[in-house]
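Data file: target.cif. Format and content: mmCIF, C-alpha atoms.
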data_final
loop_
_atom_site.label_atom_id
_atom_site.label_comp_id
_atom_site.auth_asym_id
_atom_site.auth_seq_id
_atom_site.Cartn_x
_atom_site.Cartn_y
_atom_site.Cartn_z
CA MET A 25 15.97 -12.12 7.25
CA PHE A 26 15.62 -10.76 3.72
CA ASP A 27 18.17 -11.31 0.96
CA THR A 28 19.92 -8.61 -1.01
CA GLY A 29 17.75 -7.68 -3.99
CA ALA A 30 14.50 -8.55 -2.22
CA TYR A 31 11.53 -6.21 -2.54
CA ILE A 32 9.95 -5.54 0.83
CA ILE A 33 7.39 -3.31 2.47
CA TYR A 34 9.12 -1.23 5.12
CA GLY A 35 6.88 0.78 7.43
CA GLY A 36 5.73 4.09 6.02
CA GLU A 37 8.32 3.96 3.24
CA GLY A 38 6.33 1.47 1.21
CA VAL A 39 8.18 -0.69 -1.30
CA CYS A 40 11.96 -0.81 -0.86
CA VAL A 41 14.68 -2.96 -2.34
CA VAL A 42 17.27 -4.45 0.00
CA GLU A 43 20.57 -3.17 -1.39
CA ASP A 44 22.91 -4.45 1.28
CA ILE A 45 23.06 -6.20 4.64
CA GLY A 46 25.79 -5.24 7.08
CA CYS A 47 26.95 -2.32 9.14
CA PRO A 48 26.65 0.91 7.15
CA ASN A 49 29.42 3.43 7.25
CA VAL A 50 27.24 6.21 8.70
CA SER A 51 27.44 8.06 11.98
CA GLY A 52 25.20 6.70 14.70
CA ALA A 53 25.18 3.14 13.39
CA ASN A 54 25.88 0.56 16.06
CA LYS A 55 28.89 -1.41 14.77
CA ASP A 56 27.67 -4.53 16.61
CA ARG A 57 24.35 -4.68 14.71
CA LEU A 58 23.38 -5.77 11.23
CA TYR A 59 21.42 -3.29 9.12
CA TYR A 60 19.49 -3.43 5.90
CA THR A 61 20.40 -0.72 3.45
CA LEU A 62 17.06 -0.06 1.80
CA SER A 63 16.34 1.97 -1.29
CA PRO A 64 12.72 3.16 -1.49
CA LEU A 65 11.38 2.64 -5.01
CA TYR A 66 9.19 5.72 -5.14
CA ARG A 67 11.38 8.38 -3.58
CA THR A 68 15.06 9.19 -3.39
CA GLY A 69 17.35 8.40 -0.50
CA LYS A 70 18.43 5.44 1.56
CA VAL A 71 17.11 3.89 4.75
CA PHE A 72 19.37 2.09 7.21
CA ALA A 73 17.22 -0.24 9.28
CA PRO A 74 18.49 -2.70 11.87
CA VAL A 75 17.52 -6.22 10.79
CA ASP A 76 15.83 -6.64 14.19
CA THR A 77 13.94 -3.34 14.04
CA PRO A 78 10.40 -3.24 15.44
CA VAL A 79 9.33 -1.32 12.30
CA PHE A 80 6.98 -3.38 10.16
CA MET A 81 8.64 -5.31 7.33
CA ARG A 82 7.33 -8.01 5.01
CA PRO A 83 8.00 -9.26 1.49
CA VAL A 84 6.04 -7.73 -1.37
CA ILE A 85 3.14 -9.94 -2.41
CA SER A 86 3.68 -12.36 -5.28
CA ARG A 87 2.19 -12.02 -8.76
CA ASP A 88 -0.34 -14.76 -7.95
CA GLU A 89 -1.32 -13.01 -4.73
CA ALA A 90 -1.74 -9.73 -6.64
CA ILE A 91 -4.00 -11.40 -9.20
CA ASP A 92 -6.04 -13.05 -6.42
CA LEU A 93 -6.33 -9.67 -4.70
CA ILE A 94 -7.63 -8.03 -7.87
CA ARG A 95 -10.12 -10.87 -8.33
CA SER A 96 -11.37 -10.24 -4.77
CA ILE A 97 -11.98 -6.50 -5.26
CA PRO A 98 -15.60 -6.89 -6.49
CA HIS A 99 -16.40 -8.75 -3.27
CA VAL A 100 -15.12 -5.95 -1.02
CA SER A 101 -17.93 -3.59 -0.15
CA GLY A 102 -17.45 0.10 0.50
CA GLU A 103 -19.03 1.35 3.70
CA LEU A 104 -19.92 4.85 4.75
CA TYR A 105 -17.83 5.57 7.87
CA GLU A 106 -18.68 8.94 9.37
CA PRO A 107 -17.71 9.39 13.00
CA MET A 108 -18.75 12.61 14.68
CA ASN A 109 -15.16 13.43 15.60
CA LEU A 110 -12.39 13.95 13.03
CA ARG A 111 -9.87 12.49 15.46
CA PHE A 112 -11.75 9.17 15.36
CA LEU A 113 -11.78 9.28 11.56
CA THR A 114 -8.03 9.90 11.47
CA GLU A 115 -7.40 7.08 13.97
CA HIS A 116 -9.60 4.72 11.96
CA TYR A 117 -7.72 5.45 8.73
CA GLN A 118 -4.32 5.34 10.45
CA GLN A 119 -5.07 1.94 11.98
CA THR A 120 -6.10 0.63 8.56
CA ILE A 121 -2.95 1.98 6.89
CA GLN A 122 -0.71 0.55 9.62
CA LYS A 123 -1.99 -2.99 9.02
CA TYR A 124 0.08 -2.96 5.80
CA GLU A 125 -2.39 -5.41 4.27
CA CYS A 126 -3.39 -4.99 0.64
CA ILE A 127 -6.99 -6.05 1.26
CA SER A 128 -7.30 -3.45 4.04
CA LEU A 129 -6.03 -0.79 1.64
CA VAL A 130 -8.61 -1.89 -0.96
CA LYS A 131 -11.32 -1.61 1.72
CA LEU A 132 -10.18 1.88 2.74
CA ILE A 133 -10.16 3.01 -0.91
CA LYS A 134 -13.64 1.62 -1.47
CA ASP A 135 -14.93 3.16 1.77
CA VAL A 136 -13.67 6.60 0.79
CA ALA A 137 -15.03 6.19 -2.75
CA GLU A 138 -18.43 5.40 -1.23
CA LYS A 139 -18.12 8.46 1.00
CA ARG A 140 -17.21 10.58 -2.04
CA ARG A 141 -20.25 9.26 -3.94
CA TYR A 142 -22.54 10.02 -0.99
CA ALA A 143 -21.08 13.52 -0.57
CA ALA A 144 -21.53 14.30 -4.28
CA GLU A 145 -25.15 13.12 -4.17
CA ASN A 146 -25.73 15.55 -1.32
CA GLY A 147 -23.94 18.50 -2.91
CA LYS A 148 -20.92 18.26 -0.63
CA LYS A 149 -17.21 17.71 -1.05
CA LEU A 150 -15.10 14.98 0.41
CA GLY A 151 -13.06 16.06 3.43
CA GLN A 152 -9.30 16.60 3.35
CA ILE A 153 -8.65 13.74 5.78
CA ASP A 154 -10.57 11.33 3.55
CA GLU A 155 -8.70 12.55 0.46
CA ARG A 156 -5.31 12.34 2.16
CA TYR A 157 -5.79 8.78 3.42
CA MET A 158 -7.30 7.57 0.17
CA LYS A 159 -4.27 8.92 -1.71
CA ARG A 160 -1.94 7.30 0.78
CA ALA A 161 -3.74 3.95 0.51
CA GLU A 162 -3.63 4.13 -3.29
CA ASP A 163 0.07 4.99 -3.26
CA MET A 164 0.85 2.05 -0.96
CA LEU A 165 -1.35 -0.42 -2.84
CA TYR A 166 -0.38 0.66 -6.34
CA GLY A 167 3.32 0.66 -5.45
CA GLU A 168 3.13 -2.91 -4.25
CA LEU A 169 0.96 -4.08 -7.14
CA ALA A 170 3.37 -2.50 -9.63
CA VAL A 171 6.24 -4.56 -8.25
CA ALA A 172 4.20 -7.75 -7.92
CA LEU A 173 2.83 -7.48 -11.45
CA ASN A 174 6.07 -6.13 -12.93
CA ILE A 175 4.37 -3.08 -14.45
CA ASP A 176 4.93 0.64 -14.15
CA ARG A 177 3.27 2.22 -11.13
CA ASP A 178 1.47 4.71 -13.37
CA ASP A 179 -0.16 1.80 -15.23
CA VAL A 180 -1.60 0.06 -12.16
CA ASP A 181 -4.89 1.99 -12.06
CA ALA A 182 -5.66 1.20 -15.72
CA TYR A 183 -4.56 -2.43 -15.22
CA VAL A 184 -6.92 -2.87 -12.27
CA LYS A 185 -9.81 -1.14 -14.06
CA ASN A 186 -9.33 -3.37 -17.12
CA ALA A 187 -9.16 -6.46 -14.91
CA LEU A 188 -12.35 -5.46 -13.10
CA ALA A 189 -14.11 -4.84 -16.44
CA THR A 190 -13.05 -8.33 -17.54
CA ILE A 191 -14.39 -9.82 -14.30
CA GLU A 192 -17.67 -7.84 -14.55
CA ALA A 193 -18.13 -9.15 -18.10
CA GLY A 194 -18.02 -12.66 -16.65
CA GLU A 195 -14.73 -13.49 -18.28
CA GLU A 196 -11.79 -15.21 -16.61
CA PHE A 197 -9.08 -12.82 -15.37
CA ASN A 198 -5.67 -14.46 -15.29
CA GLY A 199 -3.45 -11.40 -15.21
#

Re-express the file's structure as structure tokens.
Amino acid sequence: MFDTGAYIIYGGEGVCVVEDIGCPNVSGANKDRLYYTLSPLYRTGKVFAPVDTPVFMRPVISRDEAIDLIRSIPHVSGELYEPMNLRFLTEHYQQTIQKYECISLVKLIKDVAEKRRYAAENGKKLGQIDERYMKRAEDMLYGELAVALNIDRDDVDAYVKNALATIEAGEEFNG
């Protein structure tokens, strides 16, 4: 069970803060169950989730885990994934997103970046499905990294690029 004030990943909502634990005063809530009152960080509204919900929940990664993840990015290779059927592509991306693992999101982003590079070299554009899932992966990853690193979400991309430049220069990256 998470404590009030904890930052968690909750299903498709991404990063949420646990505002309360108890039975919310909303219609449809089972009075015999405990609920988390969650506040998504990157959109308005509230989510009332039973503490025993089957929806995926986990704590946001720590600062040290975020720094280790960034250090691992150069070792993640982007692959060109081009199934013949768009349904398979969508399923592949959806399965990756639903793992809710930062390293899987990095891999998806790098795969789509590789696909974008290949398309540009061949005078083509990246498909809408690729663009949509890359954006979703970036939103999920950057939202979590922002909380873990205690920086603004809009600064995550520059932070990661600067960290990678430091690593490429052979210097120690300590966050």

Residues in the PyMOL selection byres ((chain A and resi 130) around 12), expressed as a VMD selection string: chain A and resid 90 93 to 103 120 to 121 124 to 129 131 to 137 157 to 166 169 184

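Taking atom CA of Leu150 of chain A as the reference point, atom CA of Tyr105 of chain A is found at 12.3 Å.
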
Let me make sure I understand: among A:Glu192, A:Asp154, A:Glu168, A:Asp44, which one has the smallest atom-to-atom distance to Ser86 of chain A if we use only C-alpha atoms? A:Glu168

Step by step, gather every atom of segment 148-163 of chain A that the file lists, find the box along x, y and z that holds them, add 4 Å on each side, and finally give centre and edge lengths in Å to one decimal, as lines of an AutoDock Vina configuration file.
center_x = -10.4
center_y = 11.1
center_z = 1.2
size_x = 29.0
size_y = 22.3
size_z = 17.1

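For the choices A:Ile153, A:Val171, A:Ala143, A:Met25, the atom-to-atom distance to Leu104 of chain A is smallest for A:Ala143 when using all atoms listed in the file.
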
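Rounded to one decimal, atom CA of Val39 of chain A and atom CA of Asp179 of chain A lie 16.4 Å from each other.
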
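Within the file as shown, the PyMOL selection byres ((chain A and resi 29) around 10) identifies Phe26, Asp27, Thr28, Ala30, Tyr31, Ile32, Cys40, Val41, Val42, Glu43, Asp44 and Leu62 of chain A.
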
Would you kindly translate the PyMOL selection byres ((chain A and resi 64) around 8) into the concrete residues it picks from this file, as a list of chain:residue names? A:Glu37, A:Gly38, A:Val39, A:Cys40, A:Val41, A:Leu62, A:Ser63, A:Leu65, A:Tyr66, A:Arg67, A:Thr68, A:Gly69, A:Lys70, A:Val71

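Pairwise distance (atom CA of Met81 of chain A, atom CA of Ile33 of chain A) equals 5.4 Å.
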
Counting only C-alpha atoms, find the residues whose atoms lie at most 7 Å from (24.5, -2.8, 4.0) (file coordinates) and write them out as an MDAnalysis selection string. chainID A and resid 43:48 59:61

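For the set A:Gly194, A:Leu173, A:His116, A:Glu106, the residue with the smallest atom-to-atom gap to Arg140 of chain A is A:Glu106, counting all atoms listed in the file.
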